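**Student:** Pasting a structure here, questions to come.
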Amino acid sequence: LRAMGTRYVPLNPGSSFRGLHDSLVNHGGNRDPQLLLCLHEEIAVSLAHGYAKATNGLAVAAVHDLVGLMHASMAVYGAFCDRTPVLVLGGSGPMDPAQRRPVDWTHSATTQAQLVRDFVVWDAEPATPAASVADVVRARQRALSAPRGPAYVSLDAGVQEAELRAPLELPDLALHAPAPPIAADPAAIARAADLLAAAERPVVVAGRVGLDPSATAPLVALVELLGAAYRDDRNVVAFPTAHVLNATGDTDLLREADVVLAVDVVDLPALLASQSLGARDADDGDPPAQPLVIDLSHGDLGLRSWSNALAVPVERSVQLLADPLLGLAQLTEALRSRVSPRAAAARREGVCRRVAALKARQWAAVEERWDETPVAPSRLVAETWRAVRDVDHLLCLRNTRTWPEGVWKFPGAGSYLGHSGGGGVGYGPGALVGGALAARDRGQLGVGIVGDGDLLMAAGALWTAVHYRIPMLVVINDNSSFYNDEPHQAEVARHRGRPPENSWIGMRMTDPVIDLAGLARSYGCWAADTVTDPAELGPALAESVARARAGEVAVVHVRTAPR
């Protein structure tokens with residue numbers, strides 16, 4: 001693990017890997033890697049998930065055998081859907097029945113990896129020390145090769161505790177490097193360039209490539225060359241917010257486009273589909289006309305037949321099966337001789353006018369709700385941005401459904417870590433700590449806006465942050481409800497002729513109202529008094545930022561409107 005550059009191993013302890021645990025602490029000195037105690041296995045893997053996205057590298061977590069892996073499996077699935085390289089180490093066995101204690105029979109399986117095999121990119125259950133080394137190296141290689149994802153290696157408890165009678169030679173990691181980036185087919189590049197050069201209303205959309213800070217410059221170069229409109233995919237930031245061609249938040253943009261270039265968009269059908277809460281069997285009439293789509297990504301290479309995640313059929317006019325950054329370079333070069341400067345300038349002028357009007361509307365929508373009580377989520381975001389805009393920070397987590405586009409001025413890719421991938425509640429707190437850990441190590445402040453439901457599923461992550469001195473600003477967007485489902489319940493009730501006013505039942509976290517600031521203090525955080533008055537929000541955030549910059553885990557608990 002040290003040779004692989006592993007700095008941390010978040011874990012929830014278990015006797016099935018007590019041999020590994022002792023080696024890390026008493027042989028390795030608990031340094032490179034350092035153990036990070038987490039209060040739940042899902043937190044441990046989510047922490048590694050957030051850390052991997054913040055560093056754009058491999059993260060490692062350790063979980064107990066069957067029972068620990070069951071707890072962690074949701075977080076493993078999130079990393080799979082999010083294409084994130086996380087190596088999960090577990091204990092198993094012992095394989096020799098004579099070595100098993102009574103609990104080992106309950107906590108072991110003949111194929112323990114079967115629990116997550118359908119949503120990891122590779123797994124192994126090595127039976128010797130040499131095989132353990134080889135399988136960990138292979139797991140690293142596969143997890144970091146496109147399409148990236150989590151890998152699982154369980155280390156036999158008996159093998160861990162057996163005396164090592166001779167040194168093991170570590171393999172040369174340079175000879176086991178991740179696969180190099182793949183290039184797009186030249187003929188496909190030519191077809192894509194011809195379509196984009198001839199387009200009247202081209203739109204460029206970037207997805208998960210937004211985790212890589214080096215993505216911004218080539219994206220900006222291609223968009224400016226075309227004079228095209230740009231927008232980020234949902235829960236992604238890859239382009240400077242203030243750029244005059246950034247039309248993120250324009251709901252009509254894709255519907256009016258004639259050609260869409262999608263760069264590393266993980267779920268392309270979701271990008272193009274119109275979202276509706278209506279009845280599942282409703283006839284919405286003829287589907288809207290779809291633009292021509294150029295898909296620059298790793299395509300379907302990571303699909304599994306077990307899960308329907310990311311498996312919606314995609315109609316591609318051109319598929320550029322390639323590493324996104326390498327494909328961008330190829331495509332930009334092909335466009336230089338094809339794009340008419342006059343046509344690009346005309347497009348640019350129209351897009352600039354459109355974007356200027358869009359940004360004025362976006363800020364006007366925030367101002368319209370500025371003095372509302374409870375606090376409007378848009379004001380929560382705007383005030384948090386004002387509090388941290390002069391601080392070198394990494395936004396590790398944000399509210400998604402109520403995020404006001406255009407308010408937070410991102411510099412581009414690598415400034416926001418996105419969301420869970422798998423859509424599971426409970427990812428946020430652990431991932432926020434993982435992102436803040438990476439931010440701390442490079443001199444930044446980790447910042448996160450977390451929902452009350454998300455926080456309550458994994459609030460123990462706050463203790464880990466406090467215990468390991470990981471400073472961060474945590475803003476709790478508390479609408480006292482698992483609100484995402486309330487509109488669904490209201491829609492079903494209306495469709496069935498029943499009262500939609502009952503949509504809150506089974507959703508609201510009231511009676512009693514939860515004191516989330518008090519909960520944070522119980523874990524050792526500094527927490528401001530709960531904010532209910534919008535006028536108190538700015539001062540509370542200013543004090544919290546000062547506390548976080550001084551090294552504390554600072555929490556601001558805000559009572560917000562549902563939308």
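How things are named: the first chain in the structure tokens is A, the next is B, and so on; residues count from 1 in each chain; ligands count from 1 in the order shown.
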Would you list, as a ChimeraX atom specification, the residues of stretch 362-461 of chain A that end up in alpha helix (DSSP H) under DSSP run on this structure's backbone?

**Tutor:** /A:362-368,377-388,428-441,452-457,461

**Student:** For the selection you just gave me, I'd like the residues written to a file as a compact mmCIF listing (two decimals), in the first residue's frame, keeping N, CA, C and O atoms.

**Tutor:**
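Contents of result_22.txt, freshly written:
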```
# COMPACT_ATOMS: atom_id res chain seq x y z
N GLN A 362 -31.18 34.60 -13.79
CA GLN A 362 -30.77 33.74 -12.68
C GLN A 362 -30.60 34.54 -11.40
O GLN A 362 -31.07 34.13 -10.33
N TRP A 363 -29.94 35.68 -11.48
CA TRP A 363 -29.75 36.46 -10.26
C TRP A 363 -31.06 37.11 -9.81
O TRP A 363 -31.32 37.22 -8.61
N ALA A 364 -31.91 37.51 -10.76
CA ALA A 364 -33.20 38.09 -10.39
C ALA A 364 -34.04 37.08 -9.62
O ALA A 364 -34.77 37.44 -8.69
N ALA A 365 -33.96 35.80 -10.01
CA ALA A 365 -34.72 34.76 -9.32
C ALA A 365 -34.23 34.60 -7.88
O ALA A 365 -35.03 34.33 -6.97
N VAL A 366 -32.95 34.77 -7.66
CA VAL A 366 -32.41 34.70 -6.30
C VAL A 366 -32.89 35.90 -5.49
O VAL A 366 -33.34 35.77 -4.34
N GLU A 367 -32.80 37.08 -6.06
CA GLU A 367 -33.22 38.29 -5.34
C GLU A 367 -34.69 38.28 -4.99
O GLU A 367 -35.11 38.78 -3.94
N GLU A 368 -35.49 37.67 -5.86
CA GLU A 368 -36.94 37.65 -5.64
C GLU A 368 -37.30 36.92 -4.34
O GLU A 368 -38.28 37.25 -3.68
N PRO A 377 -33.48 28.15 -0.47
CA PRO A 377 -32.21 27.47 -0.80
C PRO A 377 -31.31 28.29 -1.71
O PRO A 377 -30.08 28.22 -1.59
N SER A 378 -31.90 29.11 -2.57
CA SER A 378 -31.07 29.94 -3.46
C SER A 378 -30.28 30.98 -2.67
O SER A 378 -29.12 31.25 -2.97
N ARG A 379 -30.90 31.56 -1.63
CA ARG A 379 -30.16 32.50 -0.80
C ARG A 379 -29.08 31.78 0.00
O ARG A 379 -27.98 32.30 0.19
N LEU A 380 -29.39 30.57 0.47
CA LEU A 380 -28.40 29.78 1.20
C LEU A 380 -27.13 29.62 0.38
O LEU A 380 -26.01 29.81 0.86
N VAL A 381 -27.30 29.28 -0.90
CA VAL A 381 -26.14 29.10 -1.78
C VAL A 381 -25.42 30.43 -2.02
O VAL A 381 -24.19 30.51 -1.95
N ALA A 382 -26.20 31.49 -2.30
CA ALA A 382 -25.59 32.79 -2.60
C ALA A 382 -24.80 33.32 -1.40
O ALA A 382 -23.69 33.85 -1.55
N GLU A 383 -25.35 33.18 -0.19
CA GLU A 383 -24.66 33.66 1.00
C GLU A 383 -23.41 32.81 1.29
O GLU A 383 -22.38 33.34 1.73
N THR A 384 -23.50 31.50 1.06
CA THR A 384 -22.32 30.66 1.27
C THR A 384 -21.22 31.02 0.29
O THR A 384 -20.04 31.09 0.66
N TRP A 385 -21.59 31.30 -0.96
CA TRP A 385 -20.60 31.72 -1.95
C TRP A 385 -19.92 33.02 -1.51
O TRP A 385 -18.69 33.16 -1.57
N ARG A 386 -20.71 33.97 -1.05
CA ARG A 386 -20.14 35.24 -0.60
C ARG A 386 -19.14 35.02 0.54
O ARG A 386 -18.12 35.70 0.64
N ALA A 387 -19.44 34.05 1.41
CA ALA A 387 -18.59 33.80 2.58
C ALA A 387 -17.26 33.16 2.22
O ALA A 387 -16.27 33.33 2.94
N VAL A 388 -17.21 32.39 1.11
CA VAL A 388 -15.99 31.64 0.79
C VAL A 388 -15.32 32.10 -0.50
O VAL A 388 -14.26 31.56 -0.84
N GLY A 428 -23.24 11.74 1.21
CA GLY A 428 -22.68 13.07 1.36
C GLY A 428 -21.71 13.28 2.50
O GLY A 428 -20.61 13.81 2.28
N PRO A 429 -22.07 12.93 3.75
CA PRO A 429 -21.16 13.26 4.85
C PRO A 429 -19.78 12.63 4.71
O PRO A 429 -18.76 13.31 4.90
N GLY A 430 -19.71 11.34 4.39
CA GLY A 430 -18.41 10.70 4.23
C GLY A 430 -17.62 11.28 3.08
O GLY A 430 -16.41 11.54 3.20
N ALA A 431 -18.27 11.50 1.94
CA ALA A 431 -17.58 12.05 0.79
C ALA A 431 -17.10 13.47 1.06
O ALA A 431 -16.02 13.87 0.58
N LEU A 432 -17.87 14.23 1.82
CA LEU A 432 -17.45 15.58 2.19
C LEU A 432 -16.17 15.53 3.01
O LEU A 432 -15.23 16.30 2.78
N VAL A 433 -16.08 14.61 3.96
CA VAL A 433 -14.88 14.49 4.77
C VAL A 433 -13.70 14.05 3.89
O VAL A 433 -12.58 14.57 4.03
N GLY A 434 -13.93 13.10 2.97
CA GLY A 434 -12.85 12.66 2.08
C GLY A 434 -12.35 13.79 1.20
O GLY A 434 -11.14 13.97 1.02
N GLY A 435 -13.27 14.58 0.64
CA GLY A 435 -12.87 15.71 -0.18
C GLY A 435 -12.14 16.77 0.63
O GLY A 435 -11.14 17.34 0.19
N ALA A 436 -12.64 17.02 1.85
CA ALA A 436 -12.01 18.03 2.71
C ALA A 436 -10.61 17.58 3.16
O ALA A 436 -9.72 18.41 3.35
N LEU A 437 -10.43 16.26 3.32
CA LEU A 437 -9.11 15.73 3.67
C LEU A 437 -8.10 16.03 2.56
O LEU A 437 -6.99 16.51 2.81
N ALA A 438 -8.50 15.76 1.31
CA ALA A 438 -7.62 16.07 0.18
C ALA A 438 -7.37 17.57 0.08
O ALA A 438 -6.26 18.01 -0.20
N ALA A 439 -8.42 18.35 0.31
CA ALA A 439 -8.28 19.81 0.26
C ALA A 439 -7.31 20.30 1.33
O ALA A 439 -6.44 21.14 1.07
N ARG A 440 -7.45 19.76 2.55
CA ARG A 440 -6.55 20.15 3.64
C ARG A 440 -5.09 19.91 3.28
O ARG A 440 -4.21 20.75 3.52
N ASP A 441 -4.83 18.76 2.68
CA ASP A 441 -3.45 18.38 2.39
C ASP A 441 -2.82 19.26 1.31
O ASP A 441 -1.59 19.29 1.18
N ASP A 452 -30.44 17.65 5.22
CA ASP A 452 -30.65 17.09 6.55
C ASP A 452 -30.81 15.58 6.51
O ASP A 452 -30.25 14.85 7.34
N GLY A 453 -31.53 15.04 5.53
CA GLY A 453 -31.70 13.60 5.43
C GLY A 453 -30.39 12.89 5.14
O GLY A 453 -30.07 11.85 5.73
N ASP A 454 -29.60 13.46 4.23
CA ASP A 454 -28.29 12.90 3.89
C ASP A 454 -27.38 12.89 5.12
O ASP A 454 -26.72 11.88 5.42
N LEU A 455 -27.36 13.99 5.86
CA LEU A 455 -26.52 14.07 7.04
C LEU A 455 -26.93 13.05 8.10
O LEU A 455 -26.08 12.37 8.68
N LEU A 456 -28.23 12.92 8.34
CA LEU A 456 -28.68 12.06 9.41
C LEU A 456 -28.39 10.59 9.14
O LEU A 456 -28.28 9.79 10.07
N MET A 457 -28.25 10.21 7.88
CA MET A 457 -27.92 8.82 7.57
C MET A 457 -26.46 8.48 7.89
O MET A 457 -26.13 7.30 8.05
N ALA A 461 -19.76 10.75 10.35
CA ALA A 461 -18.61 11.24 9.59
C ALA A 461 -18.04 12.51 10.20
O ALA A 461 -16.84 12.79 10.07
```

**Student:** Need to verify the contact set: A:Tyr77, 9 Å, only C-alpha atoms, exclusion of same-chain residues closer than 5 positions in sequence. Can you return it as a ChimeraX atom specification?

**Tutor:** /A:72,82,116,119-120,150,421-422

**Student:** The selected residues should be written to file as a tab-separated table (two decimals), in the first residue's frame (atoms: N, CA and C atoms).

**Tutor:**
```tsv
chain	number	residue	atom	x	y	z
A	72	ALA	N	-21.29	-1.72	3.62
A	72	ALA	CA	-20.57	-0.86	2.69
A	72	ALA	C	-21.08	-0.96	1.26
A	82	ASP	N	-20.43	6.05	-10.33
A	82	ASP	CA	-19.69	7.30	-10.47
A	82	ASP	C	-18.32	7.11	-11.10
A	116	VAL	N	-20.63	-8.04	-4.04
A	116	VAL	CA	-20.44	-6.81	-4.82
A	116	VAL	C	-19.93	-7.08	-6.23
A	119	PHE	N	-21.07	-5.07	-9.23
A	119	PHE	CA	-20.82	-3.64	-9.35
A	119	PHE	C	-19.43	-3.25	-8.84
A	120	VAL	N	-18.45	-4.09	-9.13
A	120	VAL	CA	-17.04	-3.70	-9.05
A	120	VAL	C	-16.41	-4.03	-10.40
A	150	PRO	N	-14.65	0.84	-8.68
A	150	PRO	CA	-14.16	0.21	-7.46
A	150	PRO	C	-13.73	-1.23	-7.68
A	421	GLY	N	-23.35	9.46	-7.74
A	421	GLY	CA	-23.34	8.53	-8.86
A	421	GLY	C	-24.51	7.58	-8.80
A	422	GLY	N	-24.69	6.90	-7.69
A	422	GLY	CA	-25.76	5.93	-7.55
A	422	GLY	C	-27.06	6.50	-7.04
```

**Student:** From stretch 131-255 of chain A, collect each residue whose DSSP state is strand (DSSP E) and return the set as a ChimeraX atom specification.

**Tutor:** /A:151-156,202-206,229-232

**Student:** Output all heavy atoms for every residue in the selection just made, as an mmCIF file, in the first residue's frame.

**Tutor:**
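Output below, filename selection.cif:
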```
data_model
loop_
_atom_site.group_PDB
_atom_site.id
_atom_site.type_symbol
_atom_site.label_atom_id
_atom_site.label_comp_id
_atom_site.auth_asym_id
_atom_site.auth_seq_id
_atom_site.Cartn_x
_atom_site.Cartn_y
_atom_site.Cartn_z
ATOM 1 N N ALA A 151 -12.757 -1.693 -6.904
ATOM 2 C CA ALA A 151 -12.326 -3.087 -6.907
ATOM 3 C C ALA A 151 -12.371 -3.594 -5.462
ATOM 4 O O ALA A 151 -12.269 -2.813 -4.515
ATOM 5 C CB ALA A 151 -10.912 -3.215 -7.461
ATOM 6 N N TYR A 152 -12.528 -4.902 -5.317
ATOM 7 C CA TYR A 152 -12.635 -5.494 -3.975
ATOM 8 C C TYR A 152 -11.671 -6.668 -3.871
ATOM 9 O O TYR A 152 -11.656 -7.554 -4.734
ATOM 10 C CB TYR A 152 -14.062 -5.979 -3.714
ATOM 11 C CG TYR A 152 -14.228 -6.733 -2.406
ATOM 12 C CD1 TYR A 152 -14.113 -6.080 -1.187
ATOM 13 C CD2 TYR A 152 -14.477 -8.101 -2.407
ATOM 14 C CE1 TYR A 152 -14.254 -6.764 0.013
ATOM 15 C CE2 TYR A 152 -14.625 -8.802 -1.213
ATOM 16 C CZ TYR A 152 -14.510 -8.134 -0.006
ATOM 17 O OH TYR A 152 -14.640 -8.818 1.173
ATOM 18 N N VAL A 153 -10.842 -6.652 -2.829
ATOM 19 C CA VAL A 153 -9.933 -7.763 -2.550
ATOM 20 C C VAL A 153 -10.108 -8.140 -1.086
ATOM 21 O O VAL A 153 -9.920 -7.299 -0.197
ATOM 22 C CB VAL A 153 -8.461 -7.381 -2.817
ATOM 23 C CG1 VAL A 153 -7.542 -8.550 -2.467
ATOM 24 C CG2 VAL A 153 -8.266 -6.981 -4.278
ATOM 25 N N SER A 154 -10.489 -9.388 -0.826
ATOM 26 C CA SER A 154 -10.613 -9.839 0.559
ATOM 27 C C SER A 154 -9.402 -10.701 0.906
ATOM 28 O O SER A 154 -9.009 -11.591 0.146
ATOM 29 C CB SER A 154 -11.911 -10.602 0.779
ATOM 30 O OG SER A 154 -11.846 -11.900 0.276
ATOM 31 N N LEU A 155 -8.802 -10.395 2.042
ATOM 32 C CA LEU A 155 -7.569 -11.044 2.483
ATOM 33 C C LEU A 155 -7.915 -12.084 3.541
ATOM 34 O O LEU A 155 -8.485 -11.752 4.586
ATOM 35 C CB LEU A 155 -6.605 -10.003 3.044
ATOM 36 C CG LEU A 155 -6.303 -8.825 2.107
ATOM 37 C CD1 LEU A 155 -5.480 -7.757 2.825
ATOM 38 C CD2 LEU A 155 -5.584 -9.305 0.852
ATOM 39 N N ASP A 156 -7.561 -13.332 3.282
ATOM 40 C CA ASP A 156 -7.908 -14.426 4.186
ATOM 41 C C ASP A 156 -7.312 -14.191 5.577
ATOM 42 O O ASP A 156 -6.123 -13.897 5.729
ATOM 43 C CB ASP A 156 -7.391 -15.745 3.603
ATOM 44 C CG ASP A 156 -7.813 -16.929 4.435
ATOM 45 O OD1 ASP A 156 -8.909 -17.457 4.186
ATOM 46 O OD2 ASP A 156 -7.039 -17.312 5.333
ATOM 47 N N PRO A 202 -24.841 24.561 -32.433
ATOM 48 C CA PRO A 202 -24.136 23.498 -31.698
ATOM 49 C C PRO A 202 -24.088 23.805 -30.192
ATOM 50 O O PRO A 202 -24.006 24.964 -29.776
ATOM 51 C CB PRO A 202 -22.724 23.516 -32.295
ATOM 52 C CG PRO A 202 -22.546 24.938 -32.746
ATOM 53 C CD PRO A 202 -23.905 25.405 -33.204
ATOM 54 N N VAL A 203 -24.153 22.756 -29.409
ATOM 55 C CA VAL A 203 -24.044 22.876 -27.955
ATOM 56 C C VAL A 203 -23.011 21.855 -27.483
ATOM 57 O O VAL A 203 -23.039 20.694 -27.908
ATOM 58 C CB VAL A 203 -25.395 22.626 -27.254
ATOM 59 C CG1 VAL A 203 -25.216 22.612 -25.732
ATOM 60 C CG2 VAL A 203 -26.413 23.687 -27.657
ATOM 61 N N VAL A 204 -22.138 22.265 -26.602
ATOM 62 C CA VAL A 204 -21.147 21.375 -25.996
ATOM 63 C C VAL A 204 -21.527 21.157 -24.538
ATOM 64 O O VAL A 204 -21.811 22.124 -23.819
ATOM 65 C CB VAL A 204 -19.730 21.954 -26.101
ATOM 66 C CG1 VAL A 204 -18.712 21.031 -25.421
ATOM 67 C CG2 VAL A 204 -19.352 22.194 -27.564
ATOM 68 N N VAL A 205 -21.552 19.892 -24.122
ATOM 69 C CA VAL A 205 -21.873 19.536 -22.741
ATOM 70 C C VAL A 205 -20.728 18.683 -22.204
ATOM 71 O O VAL A 205 -20.298 17.730 -22.866
ATOM 72 C CB VAL A 205 -23.190 18.737 -22.647
ATOM 73 C CG1 VAL A 205 -23.527 18.442 -21.184
ATOM 74 C CG2 VAL A 205 -24.331 19.489 -23.324
ATOM 75 N N ALA A 206 -20.253 18.999 -21.011
ATOM 76 C CA ALA A 206 -19.204 18.190 -20.387
ATOM 77 C C ALA A 206 -19.741 17.544 -19.123
ATOM 78 O O ALA A 206 -20.539 18.135 -18.387
ATOM 79 C CB ALA A 206 -17.977 19.023 -20.067
ATOM 80 N N ALA A 229 -22.617 27.336 -27.787
ATOM 81 C CA ALA A 229 -23.094 27.449 -26.414
ATOM 82 C C ALA A 229 -22.576 26.247 -25.628
ATOM 83 O O ALA A 229 -22.434 25.145 -26.168
ATOM 84 C CB ALA A 229 -24.615 27.489 -26.379
ATOM 85 N N TYR A 230 -22.322 26.478 -24.353
ATOM 86 C CA TYR A 230 -21.843 25.412 -23.474
ATOM 87 C C TYR A 230 -22.769 25.279 -22.290
ATOM 88 O O TYR A 230 -23.357 26.256 -21.812
ATOM 89 C CB TYR A 230 -20.429 25.712 -22.968
ATOM 90 C CG TYR A 230 -19.989 24.713 -21.913
ATOM 91 C CD1 TYR A 230 -19.398 23.516 -22.289
ATOM 92 C CD2 TYR A 230 -20.244 24.940 -20.558
ATOM 93 C CE1 TYR A 230 -19.039 22.571 -21.335
ATOM 94 C CE2 TYR A 230 -19.894 23.993 -19.600
ATOM 95 C CZ TYR A 230 -19.304 22.812 -19.992
ATOM 96 O OH TYR A 230 -18.981 21.866 -19.048
ATOM 97 N N ARG A 231 -22.898 24.026 -21.759
ATOM 98 C CA ARG A 231 -23.554 23.815 -20.475
ATOM 99 C C ARG A 231 -22.923 22.607 -19.787
ATOM 100 O O ARG A 231 -22.492 21.653 -20.444
ATOM 101 C CB ARG A 231 -25.062 23.631 -20.608
ATOM 102 C CG ARG A 231 -25.508 22.454 -21.437
ATOM 103 C CD ARG A 231 -26.897 21.984 -21.018
ATOM 104 N NE ARG A 231 -26.872 21.229 -19.770
ATOM 105 C CZ ARG A 231 -27.941 20.674 -19.216
ATOM 106 N NH1 ARG A 231 -29.116 20.823 -19.778
ATOM 107 N NH2 ARG A 231 -27.835 19.987 -18.096
ATOM 108 N N ASP A 232 -22.883 22.685 -18.457
ATOM 109 C CA ASP A 232 -22.427 21.548 -17.664
ATOM 110 C C ASP A 232 -23.530 20.513 -17.574
ATOM 111 O O ASP A 232 -24.728 20.841 -17.559
ATOM 112 C CB ASP A 232 -22.081 21.995 -16.235
ATOM 113 C CG ASP A 232 -20.787 22.783 -16.150
ATOM 114 O OD1 ASP A 232 -19.814 22.382 -16.813
ATOM 115 O OD2 ASP A 232 -20.747 23.786 -15.415
#
```

**Student:** Mind dumping a table of every stretch 382-422 of chain A residue within 12 Å of stretch 484-506 of chain A, with the nearest atom pair and its distance in Å to one decimal, using only C-alpha atoms, sorted by chain and rising number, as JSON lines?

**Tutor:**
```
{"residue": "A:Asn399", "atom": "CA", "partner": "A:Asn484", "partner_atom": "CA", "distance": 11.5}
{"residue": "A:Thr400", "atom": "CA", "partner": "A:Asn484", "partner_atom": "CA", "distance": 10.5}
{"residue": "A:Arg401", "atom": "CA", "partner": "A:Asn484", "partner_atom": "CA", "distance": 8.1}
{"residue": "A:Thr402", "atom": "CA", "partner": "A:Asn484", "partner_atom": "CA", "distance": 10.4}
```

**Student:** Would you list the contacts of stretch 270-272 of chain A as a ChimeraX atom specification, taking every protein, DNA or RNA residue within 10 Å and counting only C-alpha atoms, but skipping same-chain residues closer than 2 positions in sequence?

**Tutor:** /A:205,207,233-234,254-255,260,262,265-268,274-275,290-291,293,310,312,314

**Student:** Any chance you could export the current selection's N, CA, C and O atoms as a compact mmCIF listing (two decimals), in the first residue's frame?

**Tutor:**
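Produced file again-v8.txt, reproduced below:
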```
# COMPACT_ATOMS: atom_id res chain seq x y z
N VAL A 205 -21.55 19.89 -24.12
CA VAL A 205 -21.87 19.54 -22.74
C VAL A 205 -20.73 18.68 -22.20
O VAL A 205 -20.30 17.73 -22.87
N GLY A 207 -19.27 16.32 -18.87
CA GLY A 207 -19.72 15.56 -17.72
C GLY A 207 -18.60 15.31 -16.74
O GLY A 207 -17.92 16.23 -16.29
N ASP A 233 -23.13 19.25 -17.48
CA ASP A 233 -24.08 18.19 -17.16
C ASP A 233 -24.54 18.40 -15.72
O ASP A 233 -23.93 19.14 -14.94
N ARG A 234 -25.61 17.71 -15.33
CA ARG A 234 -26.14 17.85 -13.97
C ARG A 234 -25.10 17.37 -12.95
O ARG A 234 -24.46 16.35 -13.14
N LEU A 254 -30.79 22.57 -25.05
CA LEU A 254 -30.67 21.29 -25.75
C LEU A 254 -31.84 21.04 -26.68
O LEU A 254 -31.69 20.42 -27.74
N ARG A 255 -33.01 21.50 -26.30
CA ARG A 255 -34.20 21.31 -27.16
C ARG A 255 -34.03 22.05 -28.48
O ARG A 255 -34.52 21.59 -29.53
N VAL A 260 -25.29 18.21 -30.67
CA VAL A 260 -24.80 18.23 -29.29
C VAL A 260 -23.53 17.39 -29.21
O VAL A 260 -23.54 16.22 -29.58
N ALA A 262 -21.34 15.73 -26.56
CA ALA A 262 -21.35 15.32 -25.16
C ALA A 262 -19.99 14.74 -24.80
O ALA A 262 -19.60 13.70 -25.34
N VAL A 265 -20.09 12.47 -20.76
CA VAL A 265 -21.39 12.50 -20.08
C VAL A 265 -21.75 11.06 -19.75
O VAL A 265 -21.99 10.25 -20.64
N VAL A 266 -21.76 10.73 -18.45
CA VAL A 266 -21.93 9.34 -18.04
C VAL A 266 -23.31 8.82 -18.37
O VAL A 266 -23.48 7.69 -18.80
N ASP A 267 -24.33 9.66 -18.18
CA ASP A 267 -25.72 9.22 -18.44
C ASP A 267 -26.30 10.13 -19.52
O ASP A 267 -27.08 11.05 -19.25
N LEU A 268 -25.95 9.86 -20.75
CA LEU A 268 -26.36 10.69 -21.88
C LEU A 268 -27.88 10.71 -22.08
O LEU A 268 -28.46 11.78 -22.33
N SER A 274 -36.59 14.67 -21.34
CA SER A 274 -37.36 15.63 -20.54
C SER A 274 -37.86 14.92 -19.30
O SER A 274 -38.41 13.81 -19.38
N GLN A 275 -37.64 15.52 -18.14
CA GLN A 275 -38.01 14.90 -16.88
C GLN A 275 -39.46 15.22 -16.54
O GLN A 275 -39.91 16.34 -16.70
N GLN A 290 -34.99 15.04 -31.48
CA GLN A 290 -33.69 14.97 -30.82
C GLN A 290 -32.60 15.56 -31.72
O GLN A 290 -32.63 15.39 -32.94
N PRO A 291 -31.64 16.25 -31.14
CA PRO A 291 -30.52 16.75 -31.94
C PRO A 291 -29.61 15.60 -32.35
O PRO A 291 -29.69 14.50 -31.82
N VAL A 293 -26.30 13.71 -32.05
CA VAL A 293 -25.49 13.56 -30.85
C VAL A 293 -24.13 12.97 -31.19
O VAL A 293 -24.04 11.92 -31.84
N LEU A 310 -27.27 3.45 -16.15
CA LEU A 310 -26.57 3.96 -17.33
C LEU A 310 -26.78 3.08 -18.56
O LEU A 310 -25.97 3.09 -19.50
N VAL A 312 -29.73 2.94 -20.51
CA VAL A 312 -30.75 3.36 -21.45
C VAL A 312 -30.16 3.38 -22.86
O VAL A 312 -29.05 3.88 -23.05
N VAL A 314 -28.87 4.47 -26.31
CA VAL A 314 -28.43 5.80 -26.74
C VAL A 314 -28.40 5.85 -28.27
O VAL A 314 -27.81 4.99 -28.91
```

**Student:** Skip stretch 24-40 of chain A itself and residues of its chain fewer than 4 positions away, then list as a ChimeraX atom specification all residues within 9 Å of it, counting only C-alpha atoms.

**Tutor:** /A:1-2,5-13,19-20,44,47,68,71-72,430,458,460-461,463-464,467-468
